[in-house]
file final_13.cif (mmCIF, C-alpha atoms)
data_upload
#
loop_
_atom_site.label_atom_id
_atom_site.label_comp_id
_atom_site.auth_asym_id
_atom_site.auth_seq_id
_atom_site.Cartn_x
_atom_site.Cartn_y
_atom_site.Cartn_z
CA MET A 699 -17.99 3.37 -10.99
CA ASN A 700 -18.84 6.76 -9.48
CA GLU A 701 -15.37 7.74 -8.30
CA GLU A 702 -16.44 10.90 -6.48
CA LYS A 703 -18.89 8.92 -4.37
CA LEU A 704 -16.34 6.16 -3.87
CA LEU A 705 -13.70 8.61 -2.59
CA LYS A 706 -16.17 9.87 0.04
CA GLU A 707 -16.83 6.27 1.07
CA ILE A 708 -13.08 5.59 1.31
CA GLU A 709 -12.75 8.56 3.70
CA LYS A 710 -15.13 6.77 6.08
CA ASP A 711 -13.97 3.23 5.36
CA PRO A 712 -10.43 2.91 3.91
CA GLN A 713 -11.10 -0.75 3.08
CA LYS A 714 -13.24 0.51 0.16
CA PHE A 715 -9.94 1.30 -1.55
CA GLU A 716 -10.25 -2.31 -2.67
CA VAL A 717 -12.64 -1.13 -5.43
CA ILE A 718 -9.93 1.12 -6.89
CA TYR A 719 -7.37 -1.65 -6.51
CA GLU A 720 -9.54 -4.17 -8.35
CA ALA A 721 -10.49 -1.73 -11.10
CA PHE A 722 -7.05 -0.35 -11.94
CA TYR A 723 -4.40 -2.87 -10.84
CA LYS A 724 -4.09 -4.60 -14.20
CA LYS A 725 -3.87 -1.32 -16.11
CA ILE A 726 -1.08 0.00 -13.91
CA PHE A 727 0.77 -3.33 -13.85
CA GLY A 728 0.48 -3.51 -17.65
CA TYR A 729 1.88 0.02 -18.02
CA VAL A 730 4.80 -0.66 -15.68
CA PHE A 731 5.50 -4.07 -17.23
CA ARG A 732 5.58 -2.64 -20.76
CA ARG A 733 8.02 0.04 -19.64
CA THR A 734 10.36 -2.13 -17.59
CA THR A 735 9.84 -5.43 -19.48
CA HIS A 736 10.90 -6.98 -16.19
CA TYR A 737 8.41 -9.00 -14.16
CA ASP A 738 9.86 -8.54 -10.64
CA ALA A 739 10.47 -4.83 -11.10
CA ALA A 740 6.95 -4.35 -12.47
CA LYS A 741 5.49 -6.19 -9.49
CA ASP A 742 7.48 -4.11 -6.97
CA ILE A 743 6.73 -0.80 -8.68
CA THR A 744 3.01 -1.57 -9.01
CA ALA A 745 2.80 -2.65 -5.36
CA GLU A 746 4.63 0.51 -4.31
CA THR A 747 2.25 2.60 -6.45
CA PHE A 748 -0.87 1.14 -4.82
CA LEU A 749 0.61 1.29 -1.35
CA LYS A 750 1.42 4.98 -1.80
CA ALA A 751 -2.05 5.58 -3.22
CA TYR A 752 -3.68 3.72 -0.32
CA VAL A 753 -1.74 5.68 2.29
CA GLY A 754 -2.22 9.01 0.49
CA ILE A 755 -5.78 8.67 -0.83
CA GLY A 756 -6.96 11.27 1.72
CA LYS A 757 -4.85 13.89 -0.07
CA PHE A 758 -6.47 13.16 -3.44
CA LYS A 759 -9.10 15.83 -4.07
CA TRP A 760 -11.82 15.17 -6.62
CA ARG A 761 -11.60 17.60 -9.55
CA ASN A 762 -13.47 15.54 -12.15
CA ILE A 763 -10.23 13.73 -12.95
CA SER A 764 -10.16 9.96 -12.54
CA VAL A 765 -8.05 8.33 -9.83
CA LEU A 766 -6.50 6.32 -12.66
CA TYR A 767 -4.53 9.38 -13.83
CA TRP A 768 -3.23 9.89 -10.32
CA LEU A 769 -2.17 6.23 -10.21
CA TYR A 770 -0.41 6.68 -13.56
CA ARG A 771 1.42 9.68 -12.10
CA ILE A 772 2.57 7.77 -9.01
CA ALA A 773 3.64 4.83 -11.19
CA THR A 774 5.51 7.17 -13.55
CA ASN A 775 7.37 8.76 -10.62
CA GLU A 776 8.32 5.31 -9.35
CA LEU A 777 9.43 4.31 -12.85
CA ASN A 778 11.64 7.39 -12.98
CA LYS A 779 13.25 6.36 -9.69
CA TYR A 780 13.70 2.87 -11.09
CA PHE A 781 15.37 4.08 -14.28
CA ASN A 782 17.48 6.70 -12.50
CA SER A 783 18.97 4.45 -9.87
CA ARG A 784 21.03 1.34 -10.28
CA ARG A 785 19.15 -0.43 -7.58
CA TYR A 786 15.50 0.53 -7.21
CA LEU A 787 14.28 0.49 -3.63
CA PRO A 788 10.50 0.74 -3.19
CA GLU A 789 10.39 2.98 -0.07
CA SER A 790 6.96 2.12 1.32
CA LEU A 791 7.39 -1.60 0.64
CA SER A 792 10.76 -1.50 2.37
CA ARG A 793 9.23 0.31 5.33
CA ILE A 794 6.62 -2.42 5.65
CA HIS A 795 9.37 -4.97 5.40
CA GLU A 796 11.37 -3.29 8.17
CA GLU A 797 8.41 -2.60 10.46
CA TYR A 798 6.52 -5.83 9.99
CA GLY A 799 9.04 -8.20 8.49
CA VAL A 800 6.63 -9.03 5.66
CA ASP A 801 7.39 -8.96 2.00
CA ILE A 802 4.02 -8.26 0.45
CA THR A 803 5.30 -9.01 -3.03
CA ASP A 804 6.50 -12.45 -2.00
CA TYR A 805 3.82 -14.90 -3.05
CA THR A 806 3.58 -18.50 -4.01
CA ASN A 807 2.91 -18.47 -7.77
CA ALA A 808 5.52 -15.89 -8.72
CA GLU A 809 7.76 -18.22 -10.69
CA THR A 810 4.98 -19.62 -12.89
CA GLU A 811 3.58 -16.17 -13.55
CA ARG A 812 7.01 -14.77 -14.39
CA ILE A 813 7.62 -17.54 -16.93
CA LEU A 814 4.21 -17.03 -18.58
CA LEU A 815 4.56 -13.27 -18.86
CA GLU A 816 8.14 -13.38 -20.07
CA GLU A 817 7.25 -16.03 -22.67
CA ASP A 818 4.44 -13.79 -23.89
CA LEU A 819 6.83 -10.84 -23.98
CA GLN A 820 9.19 -12.75 -26.29
CA LYS A 821 6.36 -13.00 -28.83
CA HIS A 822 6.50 -9.21 -29.24
CA LEU A 823 9.95 -8.88 -30.75
CA LYS A 824 9.23 -5.65 -32.60
CA PHE A 825 8.00 -4.07 -29.38
CA LEU A 826 11.11 -5.25 -27.51
CA GLN A 827 13.41 -3.78 -30.17
CA ILE A 828 11.68 -0.40 -30.15
CA ASN A 829 11.40 -0.41 -26.37
CA ASP A 830 15.17 -0.87 -26.10
CA LEU A 831 15.64 2.21 -28.26
CA ILE A 832 13.08 4.21 -26.26
CA LYS A 833 14.98 3.31 -23.08
CA LYS A 834 18.03 5.08 -24.50
CA LEU A 835 16.13 8.40 -24.55
CA ASP A 836 15.94 10.86 -21.67
CA ILE A 837 13.36 9.80 -19.12
CA LYS A 838 11.12 12.81 -19.97
CA TYR A 839 10.79 11.52 -23.54
CA GLN A 840 10.28 7.94 -22.38
CA ASP A 841 7.37 9.10 -20.19
CA VAL A 842 5.45 10.87 -22.95
CA ILE A 843 6.16 8.31 -25.68
CA SER A 844 5.12 5.34 -23.56
CA LEU A 845 1.97 7.07 -22.31
CA ARG A 846 1.05 8.09 -25.86
CA PHE A 847 1.83 4.86 -27.71
CA TYR A 848 1.76 2.10 -25.08
CA GLU A 849 -1.18 3.42 -23.08
CA GLN A 850 -2.94 5.20 -25.98
CA LYS A 851 -3.37 8.38 -23.94
CA SER A 852 -4.20 11.68 -25.61
CA VAL A 853 -1.98 14.74 -25.20
CA GLU A 854 -4.54 16.20 -22.79
CA GLU A 855 -4.50 13.04 -20.67
CA ILE A 856 -0.69 12.89 -20.64
CA ALA A 857 -0.65 16.53 -19.51
CA ILE A 858 -2.94 15.62 -16.60
CA ILE A 859 -0.86 12.57 -15.64
CA LEU A 860 2.48 14.35 -15.76
CA GLY A 861 1.21 17.68 -14.43
CA LYS A 862 2.56 19.52 -17.49
CA LYS A 863 0.99 21.91 -20.00
CA GLU A 864 -0.40 20.40 -23.21
CA GLY A 865 2.05 22.47 -25.26
CA THR A 866 4.97 21.06 -23.28
CA VAL A 867 3.71 17.51 -23.82
CA LYS A 868 3.33 18.10 -27.59
CA SER A 869 6.83 19.50 -27.76
CA LEU A 870 8.30 16.62 -25.72
CA LEU A 871 6.51 14.11 -27.95
CA SER A 872 7.76 15.74 -31.12
CA ARG A 873 11.37 15.99 -29.91
CA GLY A 874 11.21 12.48 -28.42
CA ILE A 875 10.09 10.99 -31.74
CA ASP A 876 12.86 12.93 -33.54
CA LYS A 877 15.44 11.49 -31.17
CA LEU A 878 13.98 8.01 -31.50
CA LYS A 879 14.16 8.33 -35.29
CA ALA A 880 17.80 9.32 -34.97
CA HIS A 881 18.48 6.18 -32.90
CA MET A 882 16.65 4.03 -35.46
CA THR A 883 18.54 5.36 -38.42
CA GLY A 884 21.84 5.86 -36.63
CA MET B 1408 12.70 7.23 -42.55
CA LYS B 1409 10.27 10.11 -42.00
CA LYS B 1410 9.05 11.29 -38.65
CA GLU B 1411 5.49 10.29 -39.63
CA ASP B 1412 6.69 6.76 -40.31
CA VAL B 1413 8.05 6.49 -36.77
CA ASP B 1414 4.77 7.85 -35.47
CA THR B 1415 2.77 5.30 -37.49
CA MET B 1416 5.08 2.47 -36.48
CA LEU B 1417 4.74 3.31 -32.79
CA GLY B 1418 0.98 3.66 -33.12
CA GLY B 1419 0.57 0.30 -34.88
CA MET B 1420 2.87 -1.69 -32.62
CA ASP B 1421 1.63 -5.01 -31.24
CA LEU B 1422 1.93 -4.53 -27.48
CA PRO B 1423 2.15 -7.12 -24.70
CA HIS B 1424 -0.92 -7.06 -22.46
CA PRO B 1425 -0.31 -9.10 -19.30
CA GLU B 1426 -3.73 -10.64 -18.71
CA HIS B 1427 -3.17 -13.68 -16.53
CA ILE B 1428 -2.09 -11.93 -13.38
CA LYS B 1429 -2.78 -13.86 -10.20
CA HIS B 1430 -0.49 -12.06 -7.79
CA GLN B 1431 -2.99 -9.18 -7.62
CA GLN B 1432 -5.21 -11.10 -5.18
CA GLU B 1433 -2.35 -12.24 -2.95
CA LEU B 1434 -0.99 -8.73 -2.71
CA LYS B 1435 -4.35 -7.18 -1.87
CA ILE B 1436 -4.86 -8.53 1.65
CA PRO B 1437 -1.53 -7.48 3.21
CA LEU B 1438 -1.70 -4.17 1.36
CA LEU B 1439 -5.15 -3.29 2.69
CA SER B 1440 -4.35 -4.43 6.23
CA TYR B 1441 -1.19 -2.32 6.36
CA LYS B 1442 -0.94 -0.38 9.66
CA ARG B 1443 -4.37 -1.47 10.76
CA SER B 1444 -3.81 -4.13 13.40
CA SER B 1445 -1.35 -2.27 15.60
CA ARG B 1446 -3.40 0.93 15.33
CA ALA B 1447 -6.52 -0.95 16.41
CA GLY B 1448 -4.63 -2.32 19.37
CA LEU B 1449 -3.45 1.12 20.40
CA TRP B 1450 -6.94 2.67 20.32
CA LEU B 1451 -8.24 -0.10 22.55
CA LEU B 1452 -5.60 0.75 25.14
CA VAL B 1453 -6.23 4.49 25.47
CA VAL B 1454 -8.68 4.40 28.43
CA PRO B 1455 -6.92 1.63 30.42
CA VAL B 1456 -3.55 3.39 29.98
CA ILE B 1457 -4.89 6.76 31.20
CA VAL B 1458 -6.39 5.11 34.29
CA ALA B 1459 -3.21 3.08 34.90
CA ILE B 1460 -1.16 6.33 34.76
CA THR B 1461 -3.63 7.92 37.21
CA PHE B 1462 -3.09 5.04 39.63
CA LEU B 1463 0.69 5.13 39.31
CA LEU B 1464 0.97 8.89 39.75
CA LYS B 1465 -1.44 9.02 42.67
CA TYR B 1466 -0.58 5.93 44.70
CA GLU B 1467 3.02 5.16 43.75
CA LEU B 1468 4.45 8.64 43.27
CA GLY B 1469 2.02 10.71 45.34
CA ILE B 1470 1.37 13.17 42.51
CA PHE B 1471 -2.13 14.68 42.34
CA PHE B 1472 -3.68 16.32 39.31
CA PRO B 1473 -7.31 17.53 39.35
CA PHE B 1474 -7.77 16.08 35.84
CA LEU B 1475 -6.57 12.64 36.91
CA ASN B 1476 -8.76 12.77 40.05
CA GLY B 1477 -11.69 13.62 37.79
CA ILE B 1478 -11.07 10.48 35.75
CA GLN B 1479 -10.87 8.36 38.87
CA ASN B 1480 -14.07 9.90 40.24
CA PHE B 1481 -15.82 9.21 36.96
CA PHE B 1482 -14.93 5.50 37.06
CA ALA B 1483 -15.78 5.36 40.77
CA ALA B 1484 -19.27 6.60 39.85
CA VAL B 1485 -19.52 3.98 37.09
CA ASP B 1486 -18.37 1.30 39.53
CA ARG B 1487 -21.07 2.27 42.06
CA ASN B 1488 -23.84 1.99 39.47
CA TYR B 1489 -25.68 -1.32 39.69
CA TYR B 1490 -25.63 -1.97 35.92
CA LEU B 1491 -22.63 0.00 34.68
CA THR B 1492 -20.29 -1.70 37.13
CA TYR B 1493 -20.12 -4.67 34.73
CA PHE B 1494 -18.38 -2.43 32.19
CA ILE B 1495 -15.39 -1.97 34.50
CA PRO B 1496 -13.79 -5.40 33.87
CA VAL B 1497 -14.75 -5.16 30.18
CA ILE B 1498 -12.88 -1.85 29.81
CA PHE B 1499 -9.84 -2.63 31.94
CA MET B 1500 -9.36 -6.31 31.18
CA GLY B 1501 -11.43 -6.99 28.07
CA LEU B 1502 -9.96 -4.21 25.91
CA PRO B 1503 -6.27 -5.02 26.66
CA LEU B 1504 -7.07 -8.70 26.10
CA LEU B 1505 -8.66 -7.86 22.73
CA ALA B 1506 -5.64 -5.73 21.78
CA MET B 1507 -3.41 -8.66 22.71
CA ILE B 1508 -5.39 -11.07 20.51
CA ILE B 1509 -5.45 -8.70 17.51
CA ASN B 1510 -1.71 -8.15 17.66
CA LEU B 1511 -0.93 -11.78 18.41
CA LEU B 1512 -2.80 -12.76 15.24
CA ALA B 1513 -0.84 -10.12 13.33
CA PHE B 1514 2.52 -11.72 14.05
CA CYS B 1515 1.54 -15.35 14.67
CA HIS B 1516 0.32 -17.47 11.80
CA PHE B 1517 -1.27 -20.86 12.35
CA THR B 1518 -1.33 -23.52 9.64
CA HIS B 1519 -3.01 -26.86 10.11
CA MET B 1520 -1.22 -29.62 8.16
CA ARG B 1521 -3.93 -32.24 7.80
CA GLU B 1522 -1.74 -34.92 6.26
CA LYS B 1523 0.81 -34.84 9.06
CA GLN B 1524 -1.67 -33.94 11.80
CA GLU B 1525 0.49 -31.00 12.74
CA LEU B 1526 -0.20 -27.43 13.69
CA LEU B 1527 2.52 -25.14 12.39
CA ILE B 1528 2.94 -21.87 14.25
CA THR B 1529 4.96 -19.23 12.40
CA ILE B 1530 6.05 -16.13 14.27
CA LYS B 1531 6.70 -13.22 11.91
CA TYR B 1532 9.07 -10.47 12.94
CA ARG B 1533 6.69 -7.52 13.29
CA PRO B 1534 8.19 -5.31 16.02
CA LEU B 1535 5.22 -2.92 16.23
CA ASN B 1536 2.70 -5.68 16.79
CA ILE B 1537 4.97 -7.49 19.22
CA ALA B 1538 5.49 -4.23 21.18
CA VAL B 1539 1.74 -3.50 21.33
CA PHE B 1540 1.08 -7.12 22.34
CA LEU B 1541 3.57 -6.91 25.24
CA PHE B 1542 2.27 -3.49 26.29
CA SER B 1543 -1.33 -4.80 26.29
CA PHE B 1544 -0.17 -7.75 28.38
CA ALA B 1545 1.48 -5.39 30.90
CA ILE B 1546 -1.71 -3.31 31.16
CA LEU B 1547 -3.77 -6.47 31.64
CA VAL B 1548 -1.46 -7.72 34.40
CA PHE B 1549 -1.60 -4.29 36.04
CA PHE B 1550 -5.40 -4.44 36.31
CA LEU B 1551 -5.34 -8.07 37.45
CA LEU B 1552 -3.44 -7.06 40.59
CA PRO B 1553 -5.57 -6.96 43.76
CA ASP B 1554 -7.62 -3.80 44.37
CA ARG B 1555 -6.79 -2.24 41.02
CA LEU B 1556 -10.41 -2.34 39.92
CA SER B 1557 -11.88 -0.92 43.11
CA PHE B 1558 -12.43 2.73 42.51
#
call {"tool": "encode", "arguments": {"input": "final_13.cif", "output": "structure tokens"}}
result
Amino acid sequence: MNEEKLLKEIEKDPQKFEVIYEAFYKKIFGYVFRRTTHYDAAKDITAETFLKAYVGIGKFKWRNISVLYWLYRIATNELNKYFNSRRYLPESLSRIHEEYGVDITDYTNAETERILLEEDLQKHLKFLQINDLIKKLDIKYQDVISLRFYEQKSVEEIAIILGKKEGTVKSLLSRGIDKLKAHMTG
Amino acid sequence: MKKEDVDTMLGGMDLPHPEHIKHQQELKIPLLSYKRSSRAGLWLLVVPVIVAITFLLKYELGIFFPFLNGIQNFFAAVDRNYYLTYFIPVIFMGLPLLAMIINLLAFCHFTHMREKQELLITIKYRPLNIAVFLFSFAILVFFLLPDRLSF
């Protein structure tokens, strides 16, 4: 996929955003699901991420950096809101709900899908145990650790996603792992 | 436990990869049609609304603006043209009608239940679309009144 060309096409025809949606939805949903381990929250956050991206795609300027990193950044910001508030409220989705009365995350096969994904999740006990410990860390450490070890992103890529310097990311990773170790042994 | 051990453990973890996601397709259509229908309806109404305002200001309130007279003169010239005159009803009745249909379809959903031989009509609460629908209807009625389309 030539993203630069695609972005120009989206400027003329916003419906072409569908290509980005199809290419990256699963990756972003997977990332959010691994971090929240909660099906409904993952669905809401991913929908909010793509809705924000769809509305704001005109502001995304091509600098030889894939749209995927931008999507990761939006998703990470939404995840931070989710973890920082008791009750996460996806703003754009709520606006659609108020203006149009439609819940775009309300669909027919939700229950079956939830059961399948949560059953699969229970097969990864080690992951669930470690994830619970990671969730006890400050959100800044959660961000870098999950991007590094769940999403297999390099330090350089994490720096792009989070808009931080590589040195800062390295330092956050190192301190985050130290703190995680302390939780494991303590 | 050493720091490297934690690093290795995290790196070698068996992760869940949600593969069988079906909701992606159901979410796509409403997401990509967000804001589109009511916007489309509004663009279709621009010309009829300007002309309707011209009429109201000039004939109902007696207010004259050179700009508004210019618009009226332009459509009077179109109306006098043998071929272009057919565009007049298309612009002033066709476009509001089209805006009405687009917005009606945005808040009305029709489902045909074959087994019961029933047609289910669901009206969704979408204030923007309902407002644009009613506004289009008002514009259409305005131009259906006698002499409104004689420039």
call {"tool": "atom_distance", "arguments": {"input": "final_13.cif", "atom1": "CA of Ile743 (chain A)", "atom2": "CA of Asp841 (chain A)"}}
result
15.2 Å
call {"tool": "residues_around", "arguments": {"input": "final_13.cif", "residues": "Thr774 (chain A)", "least_positions_apart": "5", "cutoff": "9 Å", "atoms": "all atoms listed in the file", "output": "PyMOL selection string"}}
result
chain A and resi 730+769+779+841+859-860
call {"tool": "atom_distance", "arguments": {"input": "final_13.cif", "atom1": "CA of Tyr752 (chain A)", "atom2": "CA of Lys706 (chain A)"}}
result
13.9 Å
call {"tool": "resolve_selection", "arguments": {"input": "final_13.cif", "expression": "the PyMOL selection byres ((chain B and resi 1547) around 12)", "output": "PyMOL selection string"}}
result
chain B and resi 1451-1452+1455-1456+1459+1496-1507+1540-1546+1548-1552+1555-1556
call {"tool": "resolve_selection", "arguments": {"input": "final_13.cif", "expression": "the PyMOL selection byres ((chain B and resi 1410) around 12)", "output": "list in words"}}
result
Leu871, Ser872, Arg873, Gly874, Ile875, Asp876, Lys877, Leu878, Lys879, Ala880, Met882 and Thr883 of chain A; Met1408, Lys1409, Glu1411, Asp1412, Val1413, Asp1414, Thr1415, Met1416 and Leu1417 of chain B
call {"tool": "write_last_selection", "arguments": {"input": "final_13.cif", "atoms": "C-alpha atoms", "output": "PDB file, in the frame of the given file"}}
result
ATOM      1  CA  LEU A 871       6.510  14.110 -27.950  1.00  0.00           C
ATOM      2  CA  SER A 872       7.760  15.740 -31.120  1.00  0.00           C
ATOM      3  CA  ARG A 873      11.370  15.990 -29.910  1.00  0.00           C
ATOM      4  CA  GLY A 874      11.210  12.480 -28.420  1.00  0.00           C
ATOM      5  CA  ILE A 875      10.090  10.990 -31.740  1.00  0.00           C
ATOM      6  CA  ASP A 876      12.860  12.930 -33.540  1.00  0.00           C
ATOM      7  CA  LYS A 877      15.440  11.490 -31.170  1.00  0.00           C
ATOM      8  CA  LEU A 878      13.980   8.010 -31.500  1.00  0.00           C
ATOM      9  CA  LYS A 879      14.160   8.330 -35.290  1.00  0.00           C
ATOM     10  CA  ALA A 880      17.800   9.320 -34.970  1.00  0.00           C
ATOM     11  CA  MET A 882      16.650   4.030 -35.460  1.00  0.00           C
ATOM     12  CA  THR A 883      18.540   5.360 -38.420  1.00  0.00           C
TER      13      THR A 883
ATOM     14  CA  MET B1408      12.700   7.230 -42.550  1.00  0.00           C
ATOM     15  CA  LYS B1409      10.270  10.110 -42.000  1.00  0.00           C
ATOM     16  CA  GLU B1411       5.490  10.290 -39.630  1.00  0.00           C
ATOM     17  CA  ASP B1412       6.690   6.760 -40.310  1.00  0.00           C
ATOM     18  CA  VAL B1413       8.050   6.490 -36.770  1.00  0.00           C
ATOM     19  CA  ASP B1414       4.770   7.850 -35.470  1.00  0.00           C
ATOM     20  CA  THR B1415       2.770   5.300 -37.490  1.00  0.00           C
ATOM     21  CA  MET B1416       5.080   2.470 -36.480  1.00  0.00           C
ATOM     22  CA  LEU B1417       4.740   3.310 -32.790  1.00  0.00           C
TER      23      LEU B1417
END
call {"tool": "resolve_selection", "arguments": {"input": "final_13.cif", "expression": "the PyMOL selection byres ((chain B) within 8 of (chain A))", "output": "PyMOL selection string"}}
result
chain B and resi 1408-1410+1413-1414+1417-1418+1420-1431+1433-1435+1437-1439+1441+1531-1536
call {"tool": "write_last_selection", "arguments": {"input": "final_13.cif", "atoms": "C-alpha atoms", "output": "mmCIF file, keeping the file's coordinate frame"}}
result
data_model
loop_
_atom_site.group_PDB
_atom_site.id
_atom_site.type_symbol
_atom_site.label_atom_id
_atom_site.label_comp_id
_atom_site.auth_asym_id
_atom_site.auth_seq_id
_atom_site.Cartn_x
_atom_site.Cartn_y
_atom_site.Cartn_z
ATOM 1 C CA MET B 1408 12.700 7.230 -42.550
ATOM 2 C CA LYS B 1409 10.270 10.110 -42.000
ATOM 3 C CA LYS B 1410 9.050 11.290 -38.650
ATOM 4 C CA VAL B 1413 8.050 6.490 -36.770
ATOM 5 C CA ASP B 1414 4.770 7.850 -35.470
ATOM 6 C CA LEU B 1417 4.740 3.310 -32.790
ATOM 7 C CA GLY B 1418 0.980 3.660 -33.120
ATOM 8 C CA MET B 1420 2.870 -1.690 -32.620
ATOM 9 C CA ASP B 1421 1.630 -5.010 -31.240
ATOM 10 C CA LEU B 1422 1.930 -4.530 -27.480
ATOM 11 C CA PRO B 1423 2.150 -7.120 -24.700
ATOM 12 C CA HIS B 1424 -0.920 -7.060 -22.460
ATOM 13 C CA PRO B 1425 -0.310 -9.100 -19.300
ATOM 14 C CA GLU B 1426 -3.730 -10.640 -18.710
ATOM 15 C CA HIS B 1427 -3.170 -13.680 -16.530
ATOM 16 C CA ILE B 1428 -2.090 -11.930 -13.380
ATOM 17 C CA LYS B 1429 -2.780 -13.860 -10.200
ATOM 18 C CA HIS B 1430 -0.490 -12.060 -7.790
ATOM 19 C CA GLN B 1431 -2.990 -9.180 -7.620
ATOM 20 C CA GLU B 1433 -2.350 -12.240 -2.950
ATOM 21 C CA LEU B 1434 -0.990 -8.730 -2.710
ATOM 22 C CA LYS B 1435 -4.350 -7.180 -1.870
ATOM 23 C CA PRO B 1437 -1.530 -7.480 3.210
ATOM 24 C CA LEU B 1438 -1.700 -4.170 1.360
ATOM 25 C CA LEU B 1439 -5.150 -3.290 2.690
ATOM 26 C CA TYR B 1441 -1.190 -2.320 6.360
ATOM 27 C CA LYS B 1531 6.700 -13.220 11.910
ATOM 28 C CA TYR B 1532 9.070 -10.470 12.940
ATOM 29 C CA ARG B 1533 6.690 -7.520 13.290
ATOM 30 C CA PRO B 1534 8.190 -5.310 16.020
ATOM 31 C CA LEU B 1535 5.220 -2.920 16.230
ATOM 32 C CA ASN B 1536 2.700 -5.680 16.790
#
call {"tool": "atom_distance", "arguments": {"input": "final_13.cif", "atom1": "CA of Asp836 (chain A)", "atom2": "CA of Leu777 (chain A)"}}
result
12.8 Å
call {"tool": "closest_residue", "arguments": {"input": "final_13.cif", "among": "A:Leu787, A:Tyr770, A:Gln827, A:Gly884", "to": "Glu855 (chain A)", "atoms": "all atoms listed in the file"}}
result
A:Tyr770
call {"tool": "residues_around", "arguments": {"input": "final_13.cif", "residues": "Lys1465 (chain B)", "least_positions_apart": "5", "cutoff": "12 Å", "atoms": "only C-alpha atoms", "output": "ChimeraX atom specification"}}
result
/B:1458-1460,1470-1476,1478-1479
call {"tool": "residues_near_point", "arguments": {"input": "final_13.cif", "point": "(-5.8, 11.8, -13.1)", "cutoff": "10 Å", "atoms": "all atoms listed in the file", "output": "list in words"}}
result
Phe758, Trp760, Arg761, Asn762, Ile763, Ser764, Val765, Leu766, Tyr767, Trp768, Leu769, Tyr770, Arg771, Glu855, Ile856, Ala857, Ile858, Ile859, Leu860 and Gly861 of chain A
call {"tool": "build_atoms", "arguments": {"input": "final_13.cif", "residues": "region 778-791 of chain A", "atoms": "N, CA and C atoms", "output": "PDB file, in the coordinates of the input"}}
result
ATOM      1  N   ASN A 778      10.490   6.485 -12.848  1.00  0.00           N
ATOM      2  CA  ASN A 778      11.640   7.390 -12.980  1.00  0.00           C
ATOM      3  C   ASN A 778      12.713   7.063 -11.950  1.00  0.00           C
ATOM      4  N   LYS A 779      12.280   6.751 -10.727  1.00  0.00           N
ATOM      5  CA  LYS A 779      13.250   6.360  -9.690  1.00  0.00           C
ATOM      6  C   LYS A 779      13.949   5.067 -10.112  1.00  0.00           C
ATOM      7  N   TYR A 780      13.158   4.160 -10.662  1.00  0.00           N
ATOM      8  CA  TYR A 780      13.700   2.870 -11.090  1.00  0.00           C
ATOM      9  C   TYR A 780      14.756   3.054 -12.189  1.00  0.00           C
ATOM     10  N   PHE A 781      14.431   3.899 -13.169  1.00  0.00           N
ATOM     11  CA  PHE A 781      15.370   4.080 -14.280  1.00  0.00           C
ATOM     12  C   PHE A 781      16.570   4.944 -13.889  1.00  0.00           C
ATOM     13  N   ASN A 782      16.372   5.802 -12.887  1.00  0.00           N
ATOM     14  CA  ASN A 782      17.480   6.700 -12.500  1.00  0.00           C
ATOM     15  C   ASN A 782      18.445   6.111 -11.487  1.00  0.00           C
ATOM     16  N   SER A 783      18.049   5.010 -10.867  1.00  0.00           N
ATOM     17  CA  SER A 783      18.970   4.450  -9.870  1.00  0.00           C
ATOM     18  C   SER A 783      19.372   3.037 -10.293  1.00  0.00           C
ATOM     19  N   ARG A 784      20.559   2.668  -9.909  1.00  0.00           N
ATOM     20  CA  ARG A 784      21.030   1.340 -10.280  1.00  0.00           C
ATOM     21  C   ARG A 784      20.223   0.257  -9.582  1.00  0.00           C
ATOM     22  N   ARG A 785      19.906   0.558  -8.340  1.00  0.00           N
ATOM     23  CA  ARG A 785      19.150  -0.430  -7.580  1.00  0.00           C
ATOM     24  C   ARG A 785      17.897   0.230  -7.034  1.00  0.00           C
ATOM     25  N   TYR A 786      16.753  -0.082  -7.634  1.00  0.00           N
ATOM     26  CA  TYR A 786      15.500   0.530  -7.210  1.00  0.00           C
ATOM     27  C   TYR A 786      15.079  -0.014  -5.856  1.00  0.00           C
ATOM     28  N   LEU A 787      14.719   0.907  -4.959  1.00  0.00           N
ATOM     29  CA  LEU A 787      14.280   0.490  -3.630  1.00  0.00           C
ATOM     30  C   LEU A 787      12.880   1.050  -3.385  1.00  0.00           C
ATOM     31  N   PRO A 788      11.846   0.217  -3.453  1.00  0.00           N
ATOM     32  CA  PRO A 788      10.500   0.740  -3.190  1.00  0.00           C
ATOM     33  C   PRO A 788      10.389   1.145  -1.711  1.00  0.00           C
ATOM     34  N   GLU A 789      10.310   2.471  -1.452  1.00  0.00           N
ATOM     35  CA  GLU A 789      10.390   2.980  -0.070  1.00  0.00           C
ATOM     36  C   GLU A 789       9.315   2.424   0.857  1.00  0.00           C
ATOM     37  N   SER A 790       8.057   2.538   0.424  1.00  0.00           N
ATOM     38  CA  SER A 790       6.960   2.120   1.320  1.00  0.00           C
ATOM     39  C   SER A 790       7.007   0.609   1.551  1.00  0.00           C
ATOM     40  N   LEU A 791       7.303  -0.142   0.479  1.00  0.00           N
ATOM     41  CA  LEU A 791       7.390  -1.600   0.640  1.00  0.00           C
ATOM     42  C   LEU A 791       8.518  -1.954   1.590  1.00  0.00           C
TER      43      LEU A 791
END
